[in-house]
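Novice: Have a look at the structure that comes next, please.
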Amino acid sequence: MNAKKVVGEKAVEFVKDGMIVGLGTGSTVYWTILKLGELVKNGLSIRGVATSLSTEELAIKMGIPLVTLEEVDEIDLTIDGADEVNANLELIKGGGGALLREKIVSANSRKNIIIADHTKYVSVLGDFPLPIEVVPFGWKLVYKQILKLGCRPSLRMDNNLPFLTDNGNYILDCQFKKIKEPKELAIYINMIPGVVDNGLFVGMTDIVLIGFDDGGIETLLKNTLGQEK
């Protein structure tokens, strides 16, 4: 079975009629959006807030009505993926380059659900390089400051040119190996002038659904763990 598809469709069960839903970005949320599109065609009434241009295009293709953050006071529920997640519901996100918009949407949501396949569930964050979004102006100076943190940063490239986020910024992918204090590191990184935001999501997640190839789903909740098979 496709673990991403299983868990992506499972998350749709949390969506109720009339909700404003934050639509995440990535290969797992892809299945969520496809399923939501089917339900909308069958009468489900929701409005979506896209976290990236690619998600916006997919949602429109699936017939999901979209609104901007400026048009709503609050988002009822956001469903998004993660590049890494631990038992404390701390995340590394940004592999797809949408970390800033994802974090803004997440911060303005009443509930955040993260979906991922079992390969993304780790004991300690850091094997996946931490994305840090930086403004192009003076990015090499920002690079030098981040280098002092003991990581190996590299400028993300796309066809031999710097990768540009939907916000027109660069991304530094930083290999820390082990991030034992995600909250403290996130705060420190964001104090560096030129940094827009980083891919550490701490204290923002309410539920994590982990999908397995056999169709099983493990549910992680704040301060408690449960399993569903």
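Labeling convention for the structure tokens: chains A, B, ... as they appear, residues from 1 per chain, ligands from 1 in order of appearance.
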Between region 190-217 of chain A and region 120-126 of chain A, at 12 Å or less, what are the per-residue closest atom pairs and their distances in Å? Count only C-alpha atoms, order by chain and rising residue number, and return it as a Markdown table.
Specialist:
| residue | atom | partner | partner_atom | distance |
| --- | --- | --- | --- | --- |
| A:Gly199 | CA | A:Gly126 | CA | 11.1 |
| A:Leu200 | CA | A:Leu125 | CA | 9.4 |
| A:Phe201 | CA | A:Leu125 | CA | 11.1 |
| A:Val202 | CA | A:Leu125 | CA | 11.5 |
| A:Val208 | CA | A:Tyr121 | CA | 9.9 |
| A:Leu209 | CA | A:Tyr121 | CA | 10.0 |
| A:Ile210 | CA | A:Tyr121 | CA | 7.5 |
| A:Gly211 | CA | A:Lys120 | CA | 9.7 |
| A:Phe212 | CA | A:Lys120 | CA | 10.8 |
Novice: Any chance you can output those residues with N, CA, C and O atoms as a PDB file, in the first residue's frame?
Specialist:
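The resulting again-v5.pdb:
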ATOM      1  N   GLY A 199      12.897  26.237   9.166  1.00  0.00           N
ATOM      2  CA  GLY A 199      11.982  25.106   9.053  1.00  0.00           C
ATOM      3  C   GLY A 199      11.715  24.328  10.319  1.00  0.00           C
ATOM      4  O   GLY A 199      11.134  23.238  10.255  1.00  0.00           O
ATOM      5  N   LEU A 200      12.103  24.844  11.474  1.00  0.00           N
ATOM      6  CA  LEU A 200      11.765  24.194  12.741  1.00  0.00           C
ATOM      7  C   LEU A 200      10.383  24.663  13.187  1.00  0.00           C
ATOM      8  O   LEU A 200      10.153  25.858  13.389  1.00  0.00           O
ATOM      9  N   PHE A 201       9.456  23.723  13.312  1.00  0.00           N
ATOM     10  CA  PHE A 201       8.106  24.010  13.778  1.00  0.00           C
ATOM     11  C   PHE A 201       7.967  23.403  15.171  1.00  0.00           C
ATOM     12  O   PHE A 201       7.919  22.180  15.319  1.00  0.00           O
ATOM     13  N   VAL A 202       7.928  24.246  16.170  1.00  0.00           N
ATOM     14  CA  VAL A 202       7.915  23.793  17.564  1.00  0.00           C
ATOM     15  C   VAL A 202       6.674  24.335  18.270  1.00  0.00           C
ATOM     16  O   VAL A 202       6.383  25.528  18.207  1.00  0.00           O
ATOM     17  N   VAL A 208      -0.345  14.276  14.916  1.00  0.00           N
ATOM     18  CA  VAL A 208       0.487  13.746  13.835  1.00  0.00           C
ATOM     19  C   VAL A 208      -0.034  12.366  13.465  1.00  0.00           C
ATOM     20  O   VAL A 208      -0.254  11.519  14.333  1.00  0.00           O
ATOM     21  N   LEU A 209      -0.242  12.147  12.179  1.00  0.00           N
ATOM     22  CA  LEU A 209      -0.648  10.838  11.674  1.00  0.00           C
ATOM     23  C   LEU A 209       0.511  10.249  10.894  1.00  0.00           C
ATOM     24  O   LEU A 209       0.982  10.851   9.929  1.00  0.00           O
ATOM     25  N   ILE A 210       0.979   9.074  11.329  1.00  0.00           N
ATOM     26  CA  ILE A 210       2.097   8.388  10.674  1.00  0.00           C
ATOM     27  C   ILE A 210       1.553   7.198   9.906  1.00  0.00           C
ATOM     28  O   ILE A 210       0.933   6.305  10.491  1.00  0.00           O
ATOM     29  N   GLY A 211       1.787   7.161   8.605  1.00  0.00           N
ATOM     30  CA  GLY A 211       1.288   6.075   7.778  1.00  0.00           C
ATOM     31  C   GLY A 211       2.332   4.997   7.531  1.00  0.00           C
ATOM     32  O   GLY A 211       3.527   5.284   7.420  1.00  0.00           O
ATOM     33  N   PHE A 212       1.862   3.740   7.455  1.00  0.00           N
ATOM     34  CA  PHE A 212       2.747   2.598   7.207  1.00  0.00           C
ATOM     35  C   PHE A 212       2.327   1.880   5.930  1.00  0.00           C
ATOM     36  O   PHE A 212       1.175   1.979   5.478  1.00  0.00           O
TER      37      PHE A 212
END
Novice: Tell me which protein, DNA and RNA residues are within 12 Å of Gly138 (chain A), counting only C-alpha atoms, leaving out same-chain ones fewer than 3 positions away, and put them as a compact mmCIF listing (two decimals) with N, CA, C and O atoms, in the first residue's frame.
Specialist:
# COMPACT_ATOMS: atom_id res chain seq x y z
N VAL A 134 16.24 32.88 3.53
CA VAL A 134 16.99 34.12 3.72
C VAL A 134 16.73 35.05 2.54
O VAL A 134 16.44 34.62 1.43
N VAL A 135 16.85 36.35 2.80
CA VAL A 135 16.70 37.31 1.70
C VAL A 135 17.94 37.25 0.83
O VAL A 135 19.05 37.00 1.32
N LEU A 141 26.74 36.72 3.80
CA LEU A 141 27.05 37.12 5.17
C LEU A 141 26.19 36.34 6.16
O LEU A 141 26.65 35.96 7.24
N VAL A 142 24.93 36.11 5.77
CA VAL A 142 24.05 35.29 6.60
C VAL A 142 24.59 33.87 6.66
O VAL A 142 24.60 33.23 7.72
N TYR A 143 25.07 33.38 5.53
CA TYR A 143 25.68 32.05 5.44
C TYR A 143 26.81 31.91 6.47
O TYR A 143 26.90 30.90 7.18
N LYS A 144 27.66 32.93 6.55
CA LYS A 144 28.80 32.88 7.47
C LYS A 144 28.34 32.84 8.93
O LYS A 144 28.94 32.16 9.77
N GLN A 145 27.26 33.56 9.23
CA GLN A 145 26.73 33.55 10.60
C GLN A 145 26.14 32.18 10.95
O GLN A 145 26.33 31.68 12.06
N ASN A 169 12.74 34.55 -2.11
CA ASN A 169 13.91 34.43 -1.25
C ASN A 169 14.73 33.18 -1.58
O ASN A 169 14.30 32.32 -2.34
N TYR A 170 15.92 33.11 -0.98
CA TYR A 170 16.79 31.94 -1.12
C TYR A 170 16.54 30.99 0.05
O TYR A 170 15.94 31.36 1.06
N ILE A 192 19.21 36.19 13.49
CA ILE A 192 20.26 36.58 12.56
C ILE A 192 19.66 37.50 11.49
O ILE A 192 18.75 37.09 10.77
N PRO A 193 20.14 38.73 11.34
CA PRO A 193 19.61 39.63 10.32
C PRO A 193 19.77 39.02 8.93
O PRO A 193 20.85 38.53 8.57
N GLY A 194 18.69 39.05 8.17
CA GLY A 194 18.70 38.45 6.84
C GLY A 194 17.96 37.14 6.78
O GLY A 194 17.56 36.70 5.70
N VAL A 195 17.76 36.51 7.94
CA VAL A 195 16.95 35.30 8.00
C VAL A 195 15.48 35.69 8.04
O VAL A 195 15.06 36.53 8.83
Novice: Using only C-alpha atoms, tabulate the residues of region 88-143 of chain A lying at most 7 Å from any atom of region 1-20 of chain A, each with its closest atom pair and that distance in Å to one decimal, by chain and increasing residue number, as a Markdown table.
Specialist:
| residue | atom | partner | partner_atom | distance |
| --- | --- | --- | --- | --- |
| A:Ile115 | CA | A:Val7 | CA | 6.3 |
| A:Ala116 | CA | A:Lys4 | CA | 6.5 |
| A:Asp117 | CA | A:Lys4 | CA | 5.6 |
Novice: One decimal, Å: what's the distance from CA of Phe128 (chain A) over to CA of Asp83 (chain A), could you say?
Specialist: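 Separation of CA of Phe128 (chain A) and CA of Asp83 (chain A): 6.9 Å.
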Novice: Report, in Å with one decimal, the straight-line distance from CA of Lys178 (chain A) to CA of Glu90 (chain A).
Specialist: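 If I compute the distance from CA of Lys178 (chain A) to CA of Glu90 (chain A), I get 13.2 Å.
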Novice: For each of A:Val49, A:Leu100, A:Ile189, A:Ile179, take the minimum atom-to-atom distance to Ile33 (chain A), counting only C-alpha atoms, then give the residue where this is smallest.
Specialist: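 Among A:Val49, A:Leu100, A:Ile189, A:Ile179, it is A:Val49 that comes nearest to Ile33 (chain A).
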Novice: What does the structure give for the distance between CA of Thr25 (chain A) and CA of Glu181 (chain A), in Å to one decimal?
Specialist: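 CA of Glu181 (chain A) lies at a distance of 25.6 Å from CA of Thr25 (chain A).
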Novice: Would you kindly return, as a list in words, each protein, DNA or RNA residue with an atom no farther than 10 Å from any atom of Ile104 (chain A), considering only C-alpha atoms and excluding same-chain residues fewer than 4 positions away?
Specialist: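 Everything that qualifies: Thr51, Leu69, Leu99, Leu100, Asn108 and Ser109 of chain A.
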Novice: Excluding Ser154 (chain A) and residues on its chain fewer than 5 positions from it, collect all residues at most 7 Å away from it, counting only C-alpha atoms, and give them as a ChimeraX atom specification.
Specialist: /A:172-174
Novice: Could you please take those selected residues and save C-alpha atoms as a PDB file, in the first residue's frame?
Specialist:
ATOM      1  CA  LEU A 172      20.065  27.546   2.876  1.00  0.00           C
ATOM      2  CA  ASP A 173      19.856  23.820   3.621  1.00  0.00           C
ATOM      3  CA  CYS A 174      21.788  23.269   6.842  1.00  0.00           C
TER       4      CYS A 174
END
Novice: As a PyMOL selection string, please: the residues near Val40 (chain A) (cut-off 9 Å, only C-alpha atoms, same-chain neighbours under 3 positions excluded).
Specialist: chain A and resi 35-37+43-46+62-65
Novice: Print the selection's residues with N, CA and C atoms to a file, as a compact mmCIF listing (two decimals), in the first residue's frame.
Specialist:
# COMPACT_ATOMS: atom_id res chain seq x y z
N LYS A 35 -8.41 13.93 -2.33
CA LYS A 35 -9.60 13.39 -1.66
C LYS A 35 -10.58 14.51 -1.33
N LEU A 36 -10.08 15.65 -0.89
CA LEU A 36 -10.96 16.78 -0.59
C LEU A 36 -11.68 17.24 -1.86
N GLY A 37 -10.97 17.20 -2.97
CA GLY A 37 -11.59 17.57 -4.23
C GLY A 37 -12.77 16.67 -4.57
N GLY A 43 -20.47 17.55 -2.64
CA GLY A 43 -21.29 18.41 -1.80
C GLY A 43 -20.64 18.99 -0.56
N LEU A 44 -19.40 18.58 -0.23
CA LEU A 44 -18.73 19.16 0.94
C LEU A 44 -18.46 20.64 0.70
N SER A 45 -18.84 21.46 1.68
CA SER A 45 -18.66 22.91 1.55
C SER A 45 -17.50 23.36 2.44
N ILE A 46 -16.38 23.66 1.81
CA ILE A 46 -15.21 24.18 2.53
C ILE A 46 -14.57 25.28 1.71
N MET A 62 -8.74 20.74 -8.65
CA MET A 62 -9.65 19.81 -8.01
C MET A 62 -10.98 20.46 -7.63
N GLY A 63 -11.13 21.73 -7.95
CA GLY A 63 -12.41 22.40 -7.70
C GLY A 63 -12.62 22.85 -6.27
N ILE A 64 -11.56 23.00 -5.49
CA ILE A 64 -11.67 23.44 -4.11
C ILE A 64 -11.65 24.98 -4.07
N PRO A 65 -12.71 25.62 -3.55
CA PRO A 65 -12.73 27.09 -3.47
C PRO A 65 -11.62 27.59 -2.56
Novice: Using the chain letters and numbers from this document, which residues of region 37-104 of chain A does DSSP assign to alpha helix (DSSP H), as a PyMOL selection string?
Specialist: chain A and resi 37-41+53-61+99-104
Novice: Let's have the selection written as a PDB file, in the first residue's frame, with N, CA, C and O atoms.
Specialist:
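Ended up saving to selection_35.pdb:
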ATOM      1  N   GLY A  37     -10.974  17.200  -2.968  1.00  0.00           N
ATOM      2  CA  GLY A  37     -11.593  17.567  -4.233  1.00  0.00           C
ATOM      3  C   GLY A  37     -12.767  16.669  -4.572  1.00  0.00           C
ATOM      4  O   GLY A  37     -13.818  17.141  -5.033  1.00  0.00           O
ATOM      5  N   GLU A  38     -12.614  15.374  -4.317  1.00  0.00           N
ATOM      6  CA  GLU A  38     -13.711  14.426  -4.551  1.00  0.00           C
ATOM      7  C   GLU A  38     -14.907  14.760  -3.672  1.00  0.00           C
ATOM      8  O   GLU A  38     -16.064  14.749  -4.124  1.00  0.00           O
ATOM      9  N   LEU A  39     -14.634  15.050  -2.407  1.00  0.00           N
ATOM     10  CA  LEU A  39     -15.713  15.348  -1.465  1.00  0.00           C
ATOM     11  C   LEU A  39     -16.419  16.652  -1.803  1.00  0.00           C
ATOM     12  O   LEU A  39     -17.639  16.779  -1.626  1.00  0.00           O
ATOM     13  N   VAL A  40     -15.655  17.635  -2.266  1.00  0.00           N
ATOM     14  CA  VAL A  40     -16.258  18.909  -2.669  1.00  0.00           C
ATOM     15  C   VAL A  40     -17.204  18.687  -3.845  1.00  0.00           C
ATOM     16  O   VAL A  40     -18.309  19.247  -3.893  1.00  0.00           O
ATOM     17  N   LYS A  41     -16.800  17.847  -4.774  1.00  0.00           N
ATOM     18  CA  LYS A  41     -17.666  17.542  -5.916  1.00  0.00           C
ATOM     19  C   LYS A  41     -18.949  16.841  -5.472  1.00  0.00           C
ATOM     20  O   LYS A  41     -19.988  16.942  -6.132  1.00  0.00           O
ATOM     21  N   LEU A  53       2.172  28.145  -4.220  1.00  0.00           N
ATOM     22  CA  LEU A  53       1.585  28.299  -5.551  1.00  0.00           C
ATOM     23  C   LEU A  53       1.242  26.942  -6.154  1.00  0.00           C
ATOM     24  O   LEU A  53       0.235  26.795  -6.839  1.00  0.00           O
ATOM     25  N   SER A  54       2.070  25.926  -5.881  1.00  0.00           N
ATOM     26  CA  SER A  54       1.798  24.590  -6.413  1.00  0.00           C
ATOM     27  C   SER A  54       0.532  24.001  -5.801  1.00  0.00           C
ATOM     28  O   SER A  54      -0.281  23.369  -6.492  1.00  0.00           O
ATOM     29  N   THR A  55       0.336  24.224  -4.505  1.00  0.00           N
ATOM     30  CA  THR A  55      -0.888  23.756  -3.843  1.00  0.00           C
ATOM     31  C   THR A  55      -2.101  24.511  -4.370  1.00  0.00           C
ATOM     32  O   THR A  55      -3.167  23.931  -4.577  1.00  0.00           O
ATOM     33  N   GLU A  56      -1.933  25.790  -4.588  1.00  0.00           N
ATOM     34  CA  GLU A  56      -3.021  26.599  -5.141  1.00  0.00           C
ATOM     35  C   GLU A  56      -3.460  26.052  -6.497  1.00  0.00           C
ATOM     36  O   GLU A  56      -4.658  25.909  -6.764  1.00  0.00           O
ATOM     37  N   GLU A  57      -2.495  25.722  -7.350  1.00  0.00           N
ATOM     38  CA  GLU A  57      -2.811  25.190  -8.682  1.00  0.00           C
ATOM     39  C   GLU A  57      -3.553  23.865  -8.583  1.00  0.00           C
ATOM     40  O   GLU A  57      -4.532  23.623  -9.305  1.00  0.00           O
ATOM     41  N   LEU A  58      -3.094  22.988  -7.674  1.00  0.00           N
ATOM     42  CA  LEU A  58      -3.734  21.690  -7.518  1.00  0.00           C
ATOM     43  C   LEU A  58      -5.149  21.831  -6.970  1.00  0.00           C
ATOM     44  O   LEU A  58      -6.080  21.155  -7.436  1.00  0.00           O
ATOM     45  N   ALA A  59      -5.322  22.702  -5.976  1.00  0.00           N
ATOM     46  CA  ALA A  59      -6.648  22.907  -5.377  1.00  0.00           C
ATOM     47  C   ALA A  59      -7.636  23.439  -6.410  1.00  0.00           C
ATOM     48  O   ALA A  59      -8.795  22.995  -6.469  1.00  0.00           O
ATOM     49  N   ILE A  60      -7.199  24.380  -7.215  1.00  0.00           N
ATOM     50  CA  ILE A  60      -8.069  24.923  -8.261  1.00  0.00           C
ATOM     51  C   ILE A  60      -8.440  23.827  -9.251  1.00  0.00           C
ATOM     52  O   ILE A  60      -9.600  23.709  -9.668  1.00  0.00           O
ATOM     53  N   LYS A  61      -7.469  23.019  -9.615  1.00  0.00           N
ATOM     54  CA  LYS A  61      -7.713  21.909 -10.539  1.00  0.00           C
ATOM     55  C   LYS A  61      -8.751  20.940  -9.975  1.00  0.00           C
ATOM     56  O   LYS A  61      -9.580  20.392 -10.713  1.00  0.00           O
ATOM     57  N   LEU A  99       8.245  26.737   3.484  1.00  0.00           N
ATOM     58  CA  LEU A  99       8.213  26.781   4.947  1.00  0.00           C
ATOM     59  C   LEU A  99       7.615  28.070   5.514  1.00  0.00           C
ATOM     60  O   LEU A  99       6.897  28.044   6.508  1.00  0.00           O
ATOM     61  N   LEU A 100       7.889  29.219   4.899  1.00  0.00           N
ATOM     62  CA  LEU A 100       7.397  30.474   5.457  1.00  0.00           C
ATOM     63  C   LEU A 100       5.878  30.565   5.383  1.00  0.00           C
ATOM     64  O   LEU A 100       5.212  30.861   6.380  1.00  0.00           O
ATOM     65  N   ARG A 101       5.319  30.284   4.213  1.00  0.00           N
ATOM     66  CA  ARG A 101       3.861  30.339   4.085  1.00  0.00           C
ATOM     67  C   ARG A 101       3.206  29.253   4.921  1.00  0.00           C
ATOM     68  O   ARG A 101       2.137  29.465   5.506  1.00  0.00           O
ATOM     69  N   GLU A 102       3.853  28.090   5.000  1.00  0.00           N
ATOM     70  CA  GLU A 102       3.316  27.014   5.833  1.00  0.00           C
ATOM     71  C   GLU A 102       3.268  27.432   7.293  1.00  0.00           C
ATOM     72  O   GLU A 102       2.307  27.155   8.005  1.00  0.00           O
ATOM     73  N   LYS A 103       4.309  28.119   7.743  1.00  0.00           N
ATOM     74  CA  LYS A 103       4.355  28.525   9.149  1.00  0.00           C
ATOM     75  C   LYS A 103       3.341  29.623   9.451  1.00  0.00           C
ATOM     76  O   LYS A 103       2.720  29.636  10.520  1.00  0.00           O
ATOM     77  N   ILE A 104       3.149  30.537   8.515  1.00  0.00           N
ATOM     78  CA  ILE A 104       2.155  31.599   8.701  1.00  0.00           C
ATOM     79  C   ILE A 104       0.750  31.006   8.795  1.00  0.00           C
ATOM     80  O   ILE A 104      -0.041  31.367   9.667  1.00  0.00           O
TER      81      ILE A 104
END
